[in-house]
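**Student:** mmCIF, C-alpha atoms, file start.cif:
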```
data_start
loop_
_atom_site.label_atom_id
_atom_site.label_comp_id
_atom_site.auth_asym_id
_atom_site.auth_seq_id
_atom_site.Cartn_x
_atom_site.Cartn_y
_atom_site.Cartn_z
CA MET A 9 30.91 -202.12 -85.42
CA LEU A 10 33.52 -204.28 -83.70
CA THR A 11 36.27 -202.80 -85.89
CA ARG A 12 35.31 -199.22 -84.95
CA LEU A 13 35.26 -200.14 -81.20
CA SER A 14 38.68 -201.68 -81.53
CA ALA A 15 39.96 -198.45 -83.11
CA VAL A 16 38.57 -196.38 -80.23
CA VAL A 17 40.23 -198.67 -77.68
CA VAL A 18 43.56 -198.40 -79.50
CA LEU A 19 43.23 -194.59 -79.64
CA MET A 20 42.44 -194.32 -75.93
CA SER A 21 45.35 -196.57 -75.15
CA ALA A 22 47.65 -194.34 -77.20
CA VAL A 23 46.38 -191.20 -75.43
CA LEU A 24 46.79 -192.73 -72.01
CA THR A 25 50.12 -194.37 -72.52
CA GLY A 26 51.78 -192.38 -75.27
CA THR A 27 54.71 -193.49 -77.35
CA ALA A 28 57.92 -194.58 -75.66
CA ALA A 29 60.79 -192.07 -76.15
CA ALA A 30 63.98 -193.38 -77.67
CA VAL A 31 66.95 -193.27 -75.26
CA PRO A 32 69.98 -191.41 -76.80
CA PRO A 33 73.42 -192.99 -77.04
CA PRO A 34 75.26 -193.30 -73.69
CA PRO A 35 77.28 -190.26 -72.52
CA PRO A 36 80.96 -190.54 -71.50
CA ASN A 37 81.49 -192.59 -68.35
CA PRO A 38 84.71 -191.51 -66.52
CA GLY A 39 86.31 -194.27 -64.51
CA ASP A 40 86.49 -194.34 -60.72
CA ALA A 41 90.28 -193.91 -60.82
CA GLU A 42 89.98 -190.76 -62.93
CA ILE A 43 87.38 -189.26 -60.59
CA SER A 44 89.43 -190.21 -57.49
CA ALA A 45 92.57 -188.64 -58.95
CA SER A 46 90.66 -185.45 -59.77
CA ARG A 47 89.25 -185.30 -56.24
CA ALA A 48 92.71 -185.89 -54.75
CA GLU A 49 94.13 -183.04 -56.81
CA ALA A 50 91.34 -180.71 -55.68
CA ASP A 51 91.85 -181.77 -52.04
CA ALA A 52 95.58 -181.06 -52.38
CA LYS A 53 94.84 -177.61 -53.77
CA ALA A 54 92.38 -176.96 -50.93
CA ALA A 55 94.99 -178.04 -48.39
CA ARG A 56 97.52 -175.73 -50.03
CA VAL A 57 95.05 -172.86 -49.86
CA GLY A 58 94.52 -173.60 -46.17
CA GLU A 59 98.25 -173.63 -45.55
CA LEU A 60 98.76 -170.34 -47.40
CA THR A 61 95.81 -168.81 -45.55
CA GLY A 62 97.42 -169.70 -42.22
CA ARG A 63 100.78 -168.33 -43.31
CA LEU A 64 99.12 -165.19 -44.66
CA THR A 65 97.34 -164.64 -41.35
CA GLN A 66 100.64 -164.94 -39.52
CA ALA A 67 102.33 -162.65 -42.03
CA GLU A 68 99.62 -160.01 -41.65
CA SER A 69 99.92 -160.26 -37.86
CA ARG A 70 103.69 -159.83 -38.13
CA LEU A 71 103.16 -156.92 -40.50
CA GLN A 72 100.94 -155.24 -37.92
CA GLU A 73 103.54 -155.85 -35.20
CA LEU A 74 106.21 -154.27 -37.39
CA MET A 75 103.93 -151.32 -38.12
CA ASP A 76 103.48 -150.85 -34.36
CA ASP A 77 107.27 -151.00 -33.96
CA VAL A 78 107.70 -148.40 -36.71
CA SER A 79 105.24 -146.11 -34.86
CA TYR A 80 107.15 -146.58 -31.61
CA LYS A 81 110.57 -145.99 -33.22
CA ARG A 82 109.21 -142.95 -35.03
CA GLU A 83 108.18 -141.39 -31.73
CA LEU A 84 111.61 -142.16 -30.24
CA ALA A 85 113.21 -140.42 -33.22
CA ASN A 86 110.97 -137.41 -32.63
CA LYS A 87 112.05 -137.36 -28.97
CA ALA A 88 115.71 -137.50 -29.99
CA ARG A 89 115.23 -134.57 -32.37
CA VAL A 90 113.58 -132.50 -29.63
CA ASP A 91 116.38 -133.38 -27.17
CA LEU A 92 119.02 -132.37 -29.73
CA GLU A 93 117.33 -129.02 -30.36
CA THR A 94 117.26 -128.41 -26.59
CA ALA A 95 120.94 -129.35 -26.25
CA ILE A 96 121.90 -127.07 -29.15
CA SER A 97 120.04 -124.17 -27.50
CA GLU A 98 121.77 -124.83 -24.18
CA ALA A 99 125.18 -125.04 -25.87
CA GLU A 100 124.58 -121.75 -27.68
CA ALA A 101 123.65 -120.07 -24.40
CA ALA A 102 126.76 -121.52 -22.74
CA ARG A 103 128.92 -120.22 -25.59
CA ARG A 104 127.48 -116.73 -25.18
CA GLU A 105 128.11 -116.85 -21.42
CA ALA A 106 131.66 -118.11 -21.95
CA THR A 107 132.38 -115.35 -24.45
CA ALA A 108 131.02 -112.71 -22.07
CA ALA A 109 133.06 -114.12 -19.17
CA ARG A 110 136.18 -114.19 -21.34
CA VAL A 111 135.65 -110.55 -22.32
CA GLN A 112 135.16 -109.64 -18.64
CA ALA A 113 138.32 -111.50 -17.60
CA ASP A 114 140.36 -109.88 -20.37
CA ALA A 115 139.09 -106.44 -19.39
CA ALA A 116 140.01 -107.08 -15.75
CA SER A 117 143.51 -108.18 -16.77
CA ARG A 118 143.97 -105.03 -18.84
CA ALA A 119 142.79 -102.90 -15.92
CA VAL A 120 145.33 -104.53 -13.61
CA GLU A 121 148.13 -103.92 -16.09
CA GLU A 122 147.10 -100.30 -16.60
CA SER A 123 146.93 -99.71 -12.83
CA ARG A 124 150.36 -101.21 -12.35
CA ARG A 125 151.82 -99.15 -15.17
CA ALA A 126 150.28 -95.94 -13.83
CA LEU A 127 151.59 -96.69 -10.35
CA ASP A 128 155.08 -97.40 -11.66
CA GLU A 129 155.05 -94.20 -13.73
CA PHE A 130 153.94 -92.21 -10.72
CA ALA A 131 156.64 -93.71 -8.54
CA ALA A 132 159.32 -93.15 -11.20
CA ALA A 133 158.30 -89.52 -11.66
CA SER A 134 158.28 -88.92 -7.92
CA TYR A 135 161.73 -90.39 -7.56
CA ALA A 136 163.07 -88.31 -10.45
CA GLN A 137 161.77 -85.15 -8.73
CA GLY A 138 163.35 -86.27 -5.47
CA SER A 139 160.03 -85.97 -3.69
CA THR A 140 158.49 -89.43 -3.37
CA VAL A 141 159.10 -92.99 -4.53
CA GLY A 142 157.32 -95.92 -5.99
CA SER A 143 159.40 -98.58 -4.28
CA PHE A 144 161.36 -99.32 -1.10
CA SER A 145 164.66 -98.26 -2.73
CA ALA A 146 163.53 -94.60 -2.57
CA TYR A 147 164.29 -94.47 1.15
CA PHE A 148 168.01 -94.69 0.39
CA GLY A 149 167.93 -91.38 -1.54
CA ALA A 150 166.64 -89.26 1.36
CA LYS A 151 168.97 -86.31 2.18
CA SER A 152 167.60 -85.60 5.60
CA PRO A 153 165.22 -87.02 8.17
CA GLU A 154 162.58 -84.50 7.01
CA ASP A 155 162.97 -85.68 3.39
CA LEU A 156 162.71 -89.28 4.54
CA LEU A 157 159.52 -88.53 6.48
CA ALA A 158 157.99 -86.73 3.49
CA ARG A 159 158.72 -89.62 1.19
CA ALA A 160 157.25 -92.09 3.70
CA GLN A 161 154.07 -90.03 4.01
CA LEU A 162 153.69 -89.80 0.25
CA LEU A 163 154.23 -93.55 -0.14
CA GLU A 164 151.54 -94.13 2.47
CA ALA A 165 149.20 -91.92 0.46
CA VAL A 166 149.95 -93.91 -2.68
CA SER A 167 149.24 -97.17 -0.84
CA SER A 168 145.89 -95.89 0.40
CA SER A 169 144.75 -94.82 -3.06
CA SER A 170 146.50 -96.24 -6.13
CA LEU A 171 147.64 -99.41 -4.43
CA ASN A 172 144.18 -99.99 -2.96
CA GLN A 173 142.71 -99.50 -6.40
CA LEU A 174 145.22 -101.94 -7.80
CA GLU A 175 144.18 -104.53 -5.20
CA GLN A 176 140.51 -104.04 -6.06
CA VAL A 177 141.22 -104.45 -9.77
CA THR A 178 143.25 -107.54 -8.99
CA ARG A 179 140.36 -108.98 -6.99
CA ASP A 180 138.01 -108.19 -9.87
CA GLN A 181 140.41 -110.00 -12.16
CA GLY A 182 140.21 -113.07 -9.93
CA VAL A 183 136.40 -112.98 -9.95
CA ALA A 184 136.38 -112.59 -13.72
CA ALA A 185 138.83 -115.44 -14.11
CA ASN A 186 136.61 -117.65 -11.93
CA LEU A 187 133.58 -116.71 -14.01
CA ASP A 188 135.52 -117.48 -17.16
CA ALA A 189 136.55 -120.89 -15.82
CA ALA A 190 132.98 -121.68 -14.76
CA ALA A 191 131.61 -120.58 -18.13
CA ARG A 192 134.14 -122.72 -19.95
CA ALA A 193 133.22 -125.71 -17.80
CA ALA A 194 129.53 -125.12 -18.51
CA LEU A 195 130.32 -124.83 -22.21
CA GLN A 196 132.22 -128.11 -22.19
CA LYS A 197 129.31 -129.78 -20.39
CA SER A 198 126.78 -128.32 -22.84
CA GLU A 199 128.86 -129.36 -25.84
CA ALA A 200 129.13 -132.86 -24.37
CA LYS A 201 125.34 -132.96 -23.96
CA GLN A 202 124.92 -131.75 -27.53
CA ALA A 203 127.27 -134.43 -28.82
CA ALA A 204 125.42 -137.09 -26.82
CA ALA A 205 122.05 -135.81 -28.07
CA ASP A 206 123.31 -135.79 -31.64
CA GLU A 207 124.52 -139.37 -31.28
CA ALA A 208 121.18 -140.38 -29.71
CA LYS A 209 119.37 -138.76 -32.66
CA LYS A 210 121.50 -140.74 -35.12
CA VAL A 211 120.88 -143.97 -33.21
CA ALA A 212 117.11 -143.31 -33.03
CA GLU A 213 116.89 -142.47 -36.73
CA GLN A 214 118.89 -145.59 -37.58
CA ALA A 215 116.55 -147.66 -35.43
CA GLN A 216 113.57 -146.06 -37.17
CA GLN A 217 115.06 -146.88 -40.57
CA VAL A 218 115.70 -150.48 -39.50
CA ALA A 219 112.05 -150.75 -38.40
CA VAL A 220 110.84 -149.21 -41.67
CA ASP A 221 113.04 -151.58 -43.70
CA ALA A 222 111.76 -154.58 -41.73
CA HIS A 223 108.16 -153.47 -42.30
CA THR A 224 108.82 -152.95 -46.01
CA ALA A 225 110.40 -156.39 -46.36
CA GLN A 226 107.49 -157.98 -44.49
CA ALA A 227 105.01 -156.12 -46.69
CA VAL A 228 106.71 -157.52 -49.78
CA ALA A 229 106.67 -161.03 -48.32
CA THR A 230 103.01 -160.66 -47.33
CA ALA A 231 102.10 -159.45 -50.82
CA GLN A 232 103.90 -162.43 -52.33
CA LEU A 233 102.00 -164.80 -50.04
CA GLN A 234 98.74 -163.14 -51.05
CA SER A 235 99.69 -163.54 -54.70
CA ASP A 236 100.58 -167.21 -54.17
CA LYS A 237 97.32 -167.79 -52.32
CA ASP A 238 95.31 -166.13 -55.09
CA ALA A 239 97.06 -168.28 -57.72
CA VAL A 240 96.43 -171.52 -55.82
CA GLU A 241 92.81 -170.51 -55.23
CA ARG A 242 92.40 -170.11 -59.00
CA GLU A 243 93.95 -173.55 -59.45
CA LEU A 244 91.56 -174.90 -56.81
CA VAL A 245 88.58 -173.46 -58.68
CA ALA A 246 89.82 -175.11 -61.87
CA ALA A 247 90.42 -178.44 -60.08
CA ARG A 248 86.98 -178.39 -58.49
CA GLY A 249 85.51 -177.54 -61.88
CA GLU A 250 87.23 -180.63 -63.30
CA VAL A 251 85.86 -182.75 -60.45
CA ASN A 252 82.39 -181.36 -60.97
CA SER A 253 82.64 -182.03 -64.70
CA LEU A 254 83.67 -185.66 -64.21
CA GLU A 255 81.05 -186.22 -61.53
CA ALA A 256 78.44 -184.61 -63.78
CA GLN A 257 79.42 -187.01 -66.55
CA ARG A 258 79.12 -189.91 -64.12
CA ARG A 259 75.69 -188.71 -63.02
CA GLN A 260 74.63 -188.34 -66.62
CA TYR A 261 75.77 -191.85 -67.36
CA ASP A 262 73.92 -193.22 -64.31
CA GLN A 263 70.86 -191.34 -65.42
CA TRP A 264 71.23 -192.85 -68.87
CA VAL A 265 71.32 -196.34 -67.32
CA GLU A 266 68.17 -195.59 -65.39
CA ALA A 267 66.57 -194.19 -68.48
CA LYS A 268 67.48 -197.34 -70.35
CA LYS A 269 65.68 -199.42 -67.75
CA ARG A 270 62.61 -197.26 -68.14
CA GLU A 271 62.80 -197.19 -71.92
CA GLU A 272 59.69 -199.32 -72.20
CA GLU A 273 57.70 -196.99 -69.96
CA GLU A 274 55.27 -194.70 -71.54
CA ASN A 275 56.37 -191.19 -72.42
CA ALA A 276 53.33 -189.57 -70.95
CA ARG A 277 53.76 -191.21 -67.55
CA ARG A 278 57.54 -190.42 -67.54
CA ALA A 279 56.85 -186.82 -68.57
CA ALA A 280 54.19 -186.49 -65.87
CA ALA A 281 56.57 -187.88 -63.24
CA ALA A 282 59.41 -185.60 -64.40
CA ALA A 283 57.06 -182.62 -64.34
CA ALA A 284 55.95 -183.51 -60.82
CA VAL A 285 59.57 -183.88 -59.67
CA GLN A 286 60.53 -180.65 -61.38
CA ALA A 287 57.53 -178.83 -59.92
CA ALA A 288 58.42 -180.09 -56.45
CA ALA A 289 62.07 -179.14 -56.90
CA GLN A 290 61.20 -175.69 -58.17
CA ALA A 291 58.44 -174.94 -55.70
CA PRO A 292 59.26 -171.64 -53.97
CA ARG A 293 60.14 -171.87 -50.31
CA ARG A 294 58.55 -169.60 -47.81
CA PRO A 295 61.20 -167.12 -46.66
CA VAL A 296 62.29 -167.51 -43.08
CA ALA A 297 62.24 -164.20 -41.30
CA ALA A 298 65.75 -163.16 -40.25
CA PRO A 299 66.21 -161.96 -36.69
CA ALA A 300 65.66 -158.23 -36.62
CA ALA A 301 68.79 -156.13 -36.14
CA PRO A 302 68.60 -153.83 -33.18
CA SER A 303 67.04 -150.70 -34.57
CA GLY A 304 67.23 -147.39 -32.78
CA SER A 305 70.02 -148.72 -30.61
CA ARG A 306 72.85 -146.27 -29.85
CA VAL A 307 75.35 -149.12 -30.12
CA GLN A 308 73.97 -150.11 -33.51
CA THR A 309 74.18 -146.49 -34.64
CA VAL A 310 77.87 -146.34 -33.70
CA ILE A 311 78.59 -149.65 -35.45
CA SER A 312 76.61 -148.67 -38.54
CA ARG A 313 78.46 -145.36 -38.86
CA ALA A 314 81.83 -147.12 -38.62
CA LEU A 315 80.82 -149.82 -41.11
CA SER A 316 79.53 -147.18 -43.53
CA GLN A 317 83.15 -146.08 -44.06
CA ARG A 318 84.44 -149.48 -45.20
CA GLY A 319 86.74 -149.04 -48.16
CA VAL A 320 87.66 -145.44 -47.28
CA ILE A 321 91.44 -144.95 -47.54
CA TYR A 322 93.63 -144.68 -44.43
CA ALA A 323 95.11 -141.20 -43.86
CA TRP A 324 97.24 -140.57 -40.77
CA GLY A 325 95.68 -137.73 -38.77
CA GLY A 326 92.54 -137.86 -40.93
CA GLY A 327 88.89 -137.95 -39.90
CA ASN A 328 86.71 -135.97 -37.51
CA TYR A 329 83.14 -135.92 -36.16
CA TYR A 330 81.72 -135.24 -39.62
CA GLY A 331 83.62 -137.71 -41.82
CA PRO A 332 86.97 -138.27 -43.56
CA THR A 333 89.47 -135.40 -43.91
CA TYR A 334 92.92 -134.82 -45.35
CA GLY A 335 95.71 -136.55 -43.44
CA VAL A 336 98.71 -134.70 -41.97
CA ARG A 337 102.45 -135.04 -42.37
CA ASP A 338 104.36 -137.23 -39.89
CA GLY A 339 107.85 -136.91 -41.37
CA GLY A 340 108.08 -140.67 -41.91
CA VAL A 341 105.96 -143.65 -42.97
CA ALA A 342 102.69 -141.76 -43.48
CA ASP A 343 104.46 -139.21 -45.69
CA SER A 344 105.97 -142.01 -47.78
CA PHE A 345 102.41 -143.19 -48.50
CA GLY A 346 101.28 -139.62 -49.26
CA ASP A 347 98.68 -139.65 -46.44
CA TYR A 348 98.72 -135.83 -46.28
CA ARG A 349 97.33 -135.80 -49.84
CA LYS A 350 94.56 -138.32 -49.10
CA ILE A 351 91.09 -137.85 -47.63
CA GLY A 352 90.39 -140.63 -45.15
CA PHE A 353 90.57 -141.80 -41.54
CA ASP A 354 93.19 -142.93 -39.10
CA CYS A 355 92.20 -145.29 -36.27
CA SER A 356 91.17 -142.65 -33.72
CA GLY A 357 89.56 -140.47 -36.39
CA LEU A 358 87.24 -143.36 -37.31
CA MET A 359 86.19 -143.69 -33.65
CA MET A 360 85.48 -139.93 -33.51
CA TYR A 361 83.12 -140.22 -36.48
CA ALA A 362 81.41 -143.40 -35.24
CA PHE A 363 80.59 -142.11 -31.74
CA ALA A 364 79.67 -138.59 -32.85
CA GLY A 365 76.49 -140.15 -34.26
CA VAL A 366 75.19 -140.64 -30.71
CA GLY A 367 76.52 -137.35 -29.33
CA VAL A 368 79.77 -138.70 -27.89
CA TYR A 369 82.71 -136.53 -28.99
CA LEU A 370 86.07 -138.22 -28.53
CA PRO A 371 89.53 -136.59 -28.77
CA HIS A 372 91.70 -137.40 -31.80
CA TYR A 373 94.22 -139.60 -29.93
CA SER A 374 93.77 -143.26 -29.05
CA GLY A 375 95.59 -142.87 -25.71
CA TYR A 376 93.02 -140.28 -24.60
CA GLN A 377 90.15 -142.34 -26.02
CA TYR A 378 91.30 -145.30 -23.89
CA ASN A 379 90.60 -143.24 -20.76
CA SER A 380 87.36 -141.66 -22.02
CA GLY A 381 84.92 -144.29 -20.78
CA ARG A 382 84.41 -147.23 -18.43
CA LYS A 383 87.07 -149.98 -18.41
CA VAL A 384 85.74 -153.50 -19.01
CA PRO A 385 87.85 -156.70 -18.93
CA LEU A 386 88.76 -157.94 -22.39
CA SER A 387 86.96 -161.24 -21.70
CA GLN A 388 83.67 -159.33 -21.25
CA MET A 389 83.87 -157.11 -24.34
CA ALA A 390 80.63 -156.52 -26.22
CA PRO A 391 79.70 -154.94 -29.57
CA GLY A 392 80.32 -151.21 -29.50
CA ASP A 393 83.33 -151.42 -27.17
CA MET A 394 86.64 -149.86 -28.23
CA ILE A 395 89.67 -152.21 -28.29
CA PHE A 396 93.18 -150.82 -27.79
CA TRP A 397 96.78 -151.85 -28.40
CA GLY A 398 100.13 -150.57 -27.14
CA PRO A 399 101.22 -148.79 -23.94
CA GLY A 400 98.31 -146.77 -22.57
CA GLY A 401 96.29 -147.65 -25.66
CA GLY A 402 98.45 -145.24 -27.66
CA THR A 403 99.29 -147.50 -30.61
CA HIS A 404 95.92 -148.45 -32.16
CA VAL A 405 92.15 -148.53 -31.54
CA ALA A 406 89.32 -150.47 -33.23
CA LEU A 407 85.57 -150.99 -32.70
CA TYR A 408 84.37 -154.45 -31.61
CA LEU A 409 81.50 -155.86 -33.74
CA GLY A 410 80.96 -159.18 -31.95
CA GLY A 411 81.81 -162.73 -32.99
CA GLY A 412 85.54 -162.07 -32.69
CA MET A 413 85.44 -159.40 -35.42
CA MET A 414 86.18 -155.67 -35.39
CA VAL A 415 86.17 -152.68 -37.75
CA GLU A 416 89.32 -150.55 -37.98
CA ALA A 417 91.37 -148.07 -39.98
CA PRO A 418 94.54 -150.19 -39.82
CA HIS A 419 97.56 -148.37 -41.29
CA SER A 420 98.92 -146.33 -44.20
CA GLY A 421 98.26 -147.96 -47.54
CA ALA A 422 95.18 -149.83 -46.27
CA VAL A 423 91.46 -149.00 -46.08
CA VAL A 424 88.79 -149.12 -43.38
CA ARG A 425 87.94 -152.83 -43.07
CA ILE A 426 86.49 -155.62 -40.96
CA SER A 427 89.17 -157.85 -39.38
CA PRO A 428 89.45 -160.64 -36.81
CA VAL A 429 90.49 -159.33 -33.39
CA ARG A 430 94.31 -159.44 -33.03
CA TYR A 431 95.45 -160.37 -29.55
CA GLY A 432 99.16 -159.59 -29.89
CA GLY A 433 99.92 -156.44 -27.85
CA ILE A 434 96.22 -155.95 -26.98
CA MET A 435 95.30 -154.07 -23.79
CA PRO A 436 93.67 -156.16 -21.02
CA PHE A 437 90.66 -153.81 -20.90
CA VAL A 438 88.28 -152.37 -23.49
CA THR A 439 86.60 -148.98 -23.14
CA ARG A 440 82.80 -148.86 -23.02
CA MET A 441 81.25 -145.50 -23.85
CA LEU A 442 77.54 -146.49 -23.97
#
```
Re-express the file's structure as structure tokens.
**Tutor:**
Amino acid sequence: MLTRLSAVVVLMSAVLTGTAAAVPPPPPNPGDAEISASRAEADAKAARVGELTGRLTQAESRLQELMDDVSYKRELANKARVDLETAISEAEAARREATAARVQADAASRAVEESRRALDEFAAASYAQGSTVGSFSAYFGAKSPEDLLARAQLLEAVSSSSLNQLEQVTRDQGVAANLDAAARAALQKSEAKQAAADEAKKVAEQAQQVAVDAHTAQAVATAQLQSDKDAVERELVAARGEVNSLEAQRRQYDQWVEAKKREEEENARRAAAAAAVQAAAQAPRRPVAAPAAPSGSRVQTVISRALSQRGVIYAWGGGNYYGPTYGVRDGGVADSFGDYRKIGFDCSGLMMYAFAGVGVYLPHYSGYQYNSGRKVPLSQMAPGDMIFWGPGGGTHVALYLGGGMMVEAPHSGAVVRISPVRYGGIMPFVTRML
């Protein structure tokens, strides 16, 4: 009876306490120096990423400045082309006027010569007939006072007709010559204006090319910085992975030490404790309700419509009240990116689409959009306000989202995106439509 009771006690003890689990061999234990070196390498990579991020931000800002300069130089080149076309038209008109005046002057000169020749022929014939004369020497051939009187009367008649006509033709020749001189002067002035306009066109196109080249070079440098940053970020991920691996090994070793201390503890109790810890660690948390976004708000509708186009390609001249459209040719940068073959938005086209959702229909030009609503100081801007850059807001427009961020269609080659607000060249007022 005592033996059976002892067996029951032993069995109950085994059920309650269980059998102690054998602790496995110790895992690797990296030294403190190895872990510190790994952390230092990861910190260096993180610092390098931070440095490249700062440089990339500056490079992107400079790239935007150069894009604005390209836009400005492109418009100056367009102005120079228009001025040259006007000067060419004026020069052509001056050439036609000069040619007509020259023809008129030549005709007047021929008329004078013909009148003189006719008068001389008439005088010579009269003298040969002994009746009248064409010059003062005829008076010496008179045979009698009556003949002299007749010749004088006839000469007077010639003076009152042919000679008067000759004087009129001569006056007309003078007028024609004056017109010819004036037309030639106008032609010289027009040709000088044409030459100046042509030179201005060359200078403007050279300036545009310089701006395009600078933008291209900056784009290459920015892309290289982005590539460098991406490479260092990959190295940072690898370095942090190494740190995590070493620290995980250290934690495993520490856990092994603790397990060794508890080796004599009963498996059941250790399993129960681990289960309790695991259950507590894995217990689901009650979700915390996020603050509700403003629903039904006109401002939120505008923002949501703009954000819905993230990733849509930039197309200069593209976009309307209903969505993205084909871009248009600009004869420069946009054409080099093939914007006229793309379906997308430019900056003002994106604003048209966003605000059309609440019945506000904006024109497709940022300068006009700047004056479409109420001006609010930049320091008081709120979500839903339009932000502008450049003289009269004519360079760029974006939609403010709050928290220093905005949504924009930035430039050719990019897509609709969320960006930090850029303060270089920004207008001191935003435009509030709602």
**Student:** Could you give me the axis-aligned bounding box of stretch 78-96 of chain A, with 4 Å of padding per side, as centre plus edge lengths in Å to one decimal, as lines of an AutoDock Vina configuration file?
**Tutor:**
```
center_x = 113.6
center_y = -137.7
center_z = -31.5
size_x = 24.7
size_y = 29.3
size_z = 18.5
```
**Student:** Residues within 12 Å of A:Arg89, please, as a ChimeraX atom specification. Count all atoms listed in the file; anything in the same chain fewer than 4 positions from it doesn't count.
**Tutor:** /A:82-85,93-96,202,204-213,339
**Student:** Just give me the gap between atom CA of A:Leu74 and atom CA of A:Ser380 in Å, one decimal is fine.
**Tutor:** 27.4 Å
**Student:** Which residues match the PyMOL selection byres ((chain A and resi 259-262) around 12) in the file above, as a list of chain:residue names?
**Tutor:**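 So the PyMOL selection byres ((chain A and resi 259-262) around 12), applied here, picks out A:Val31, A:Pro32, A:Pro33, A:Pro34, A:Pro35, A:Pro36, A:Asn37, A:Pro38, A:Gly39, A:Ile43, A:Asn252, A:Ser253, A:Leu254, A:Glu255, A:Ala256, A:Gln257, A:Arg258, A:Gln263, A:Trp264, A:Val265, A:Glu266, A:Ala267, A:Lys268, A:Lys269.
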**Student:** Using the chain letters and numbers from the file, give me the residues hit by the PyMOL selection byres ((chain A and resi 178-192) around 6), as an MDAnalysis selection string.
**Tutor:** chainID A and resid 106 109:110 112:113 116:117 120 175:177 193:195
**Student:** Just the number, please: distance in Å from atom CA of A:Leu409 to atom CA of A:Ile351, one decimal.
**Tutor:** 24.7 Å
**Student:** Could you list, as a PyMOL selection string, every residue within 6 Å of A:Phe437, counting all atoms listed in the file and ignoring same-chain residues fewer than 3 positions away?
**Tutor:** chain A and resi 383-386
**Student:** Which distance in Å separates atom CA of A:Leu60 and atom CA of A:Glu243, to one decimal?
**Tutor:**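 Atom-to-atom, atom CA of A:Leu60 to atom CA of A:Glu243, that is 13.4 Å.
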**Student:** When you count all atoms listed in the file, which of these residues is closest to A:Ser374: A:Ala342, A:Val220, A:Leu407, A:Val310?
**Tutor:**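 Nearest to A:Ser374: A:Leu407.
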**Student:** Find the residues around stretch 388-393 of chain A up to 12 Å (only C-alpha atoms counted), leave out those fewer than 6 positions away in its own chain, and share them as a PyMOL selection string.
**Tutor:** chain A and resi 302+305-315+359+362-363+366+377-378+380-382+405-415+429+435-442
**Student:** Residues at most 7 Å from A:Ser198, counting all atoms listed in the file, excluding those fewer than 5 positions away in the same chain, as a list in words?
**Tutor:**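 Residues near the query, excluding close chain neighbours: Ala95, Glu98, Ala99 and Ala102 of chain A.
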**Student:** Mind dumping the selected residues with C-alpha atoms as a tab-separated table (two decimals), in the frame of the given file?
**Tutor:**
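Wrote selection.tsv, looks like this:
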```tsv
chain	number	residue	atom	x	y	z
A	95	ALA	CA	120.94	-129.35	-26.25
A	98	GLU	CA	121.77	-124.83	-24.18
A	99	ALA	CA	125.18	-125.04	-25.87
A	102	ALA	CA	126.76	-121.52	-22.74
```
**Student:** Evaluate the PyMOL selection byres ((chain A and resi 231) around 12) on the structure here and hand back the selected residues as an MDAnalysis selection string.
**Tutor:** chainID A and resid 60 63:65 67:68 71 224:230 232:238
**Student:** Pick out the closest residue to A:Ser316 from this set: A:Ile426, A:Cys355, A:Ser44, A:Tyr376. Count all atoms listed in the file.
**Tutor:**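 Comparing A:Ile426, A:Cys355, A:Ser44, A:Tyr376 against A:Ser316, the winner is A:Ile426.
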**Student:** Give as an mmCIF file with C-alpha atoms, in the frame of the given file each residue that has an atom at most 9 Å from (93.5, -137.6, -47.3) in the file, counting all atoms listed in the file.
**Tutor:**
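result-v2.cif, written as the output of this step:
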```cif
data_model
loop_
_atom_site.group_PDB
_atom_site.id
_atom_site.type_symbol
_atom_site.label_atom_id
_atom_site.label_comp_id
_atom_site.auth_asym_id
_atom_site.auth_seq_id
_atom_site.Cartn_x
_atom_site.Cartn_y
_atom_site.Cartn_z
ATOM 1 C CA ILE A 321 91.440 -144.950 -47.540
ATOM 2 C CA TYR A 322 93.630 -144.680 -44.430
ATOM 3 C CA ALA A 323 95.110 -141.200 -43.860
ATOM 4 C CA TRP A 324 97.240 -140.570 -40.770
ATOM 5 C CA GLY A 325 95.680 -137.730 -38.770
ATOM 6 C CA GLY A 326 92.540 -137.860 -40.930
ATOM 7 C CA GLY A 327 88.890 -137.950 -39.900
ATOM 8 C CA PRO A 332 86.970 -138.270 -43.560
ATOM 9 C CA THR A 333 89.470 -135.400 -43.910
ATOM 10 C CA TYR A 334 92.920 -134.820 -45.350
ATOM 11 C CA GLY A 335 95.710 -136.550 -43.440
ATOM 12 C CA VAL A 336 98.710 -134.700 -41.970
ATOM 13 C CA GLY A 346 101.280 -139.620 -49.260
ATOM 14 C CA ASP A 347 98.680 -139.650 -46.440
ATOM 15 C CA TYR A 348 98.720 -135.830 -46.280
ATOM 16 C CA ARG A 349 97.330 -135.800 -49.840
ATOM 17 C CA LYS A 350 94.560 -138.320 -49.100
ATOM 18 C CA ILE A 351 91.090 -137.850 -47.630
ATOM 19 C CA GLY A 352 90.390 -140.630 -45.150
ATOM 20 C CA PHE A 353 90.570 -141.800 -41.540
#
```
**Student:** Kindly provide, as a compact mmCIF listing (two decimals) with C-alpha atoms, in the coordinates of the input, the polymer residues lying within 9 Å of (107.0, -145.0, -40.4), counting only C-alpha atoms and using the coordinates exactly as they appear in the file.
**Tutor:**
```txt
# COMPACT_ATOMS: atom_id res chain seq x y z
CA MET A 75 103.93 -151.32 -38.12
CA ASP A 77 107.27 -151.00 -33.96
CA VAL A 78 107.70 -148.40 -36.71
CA SER A 79 105.24 -146.11 -34.86
CA TYR A 80 107.15 -146.58 -31.61
CA LYS A 81 110.57 -145.99 -33.22
CA ARG A 82 109.21 -142.95 -35.03
CA GLN A 216 113.57 -146.06 -37.17
CA GLN A 217 115.06 -146.88 -40.57
CA ALA A 219 112.05 -150.75 -38.40
CA VAL A 220 110.84 -149.21 -41.67
CA HIS A 223 108.16 -153.47 -42.30
CA ASP A 338 104.36 -137.23 -39.89
CA GLY A 339 107.85 -136.91 -41.37
CA GLY A 340 108.08 -140.67 -41.91
CA VAL A 341 105.96 -143.65 -42.97
CA ALA A 342 102.69 -141.76 -43.48
CA ASP A 343 104.46 -139.21 -45.69
CA SER A 344 105.97 -142.01 -47.78
```
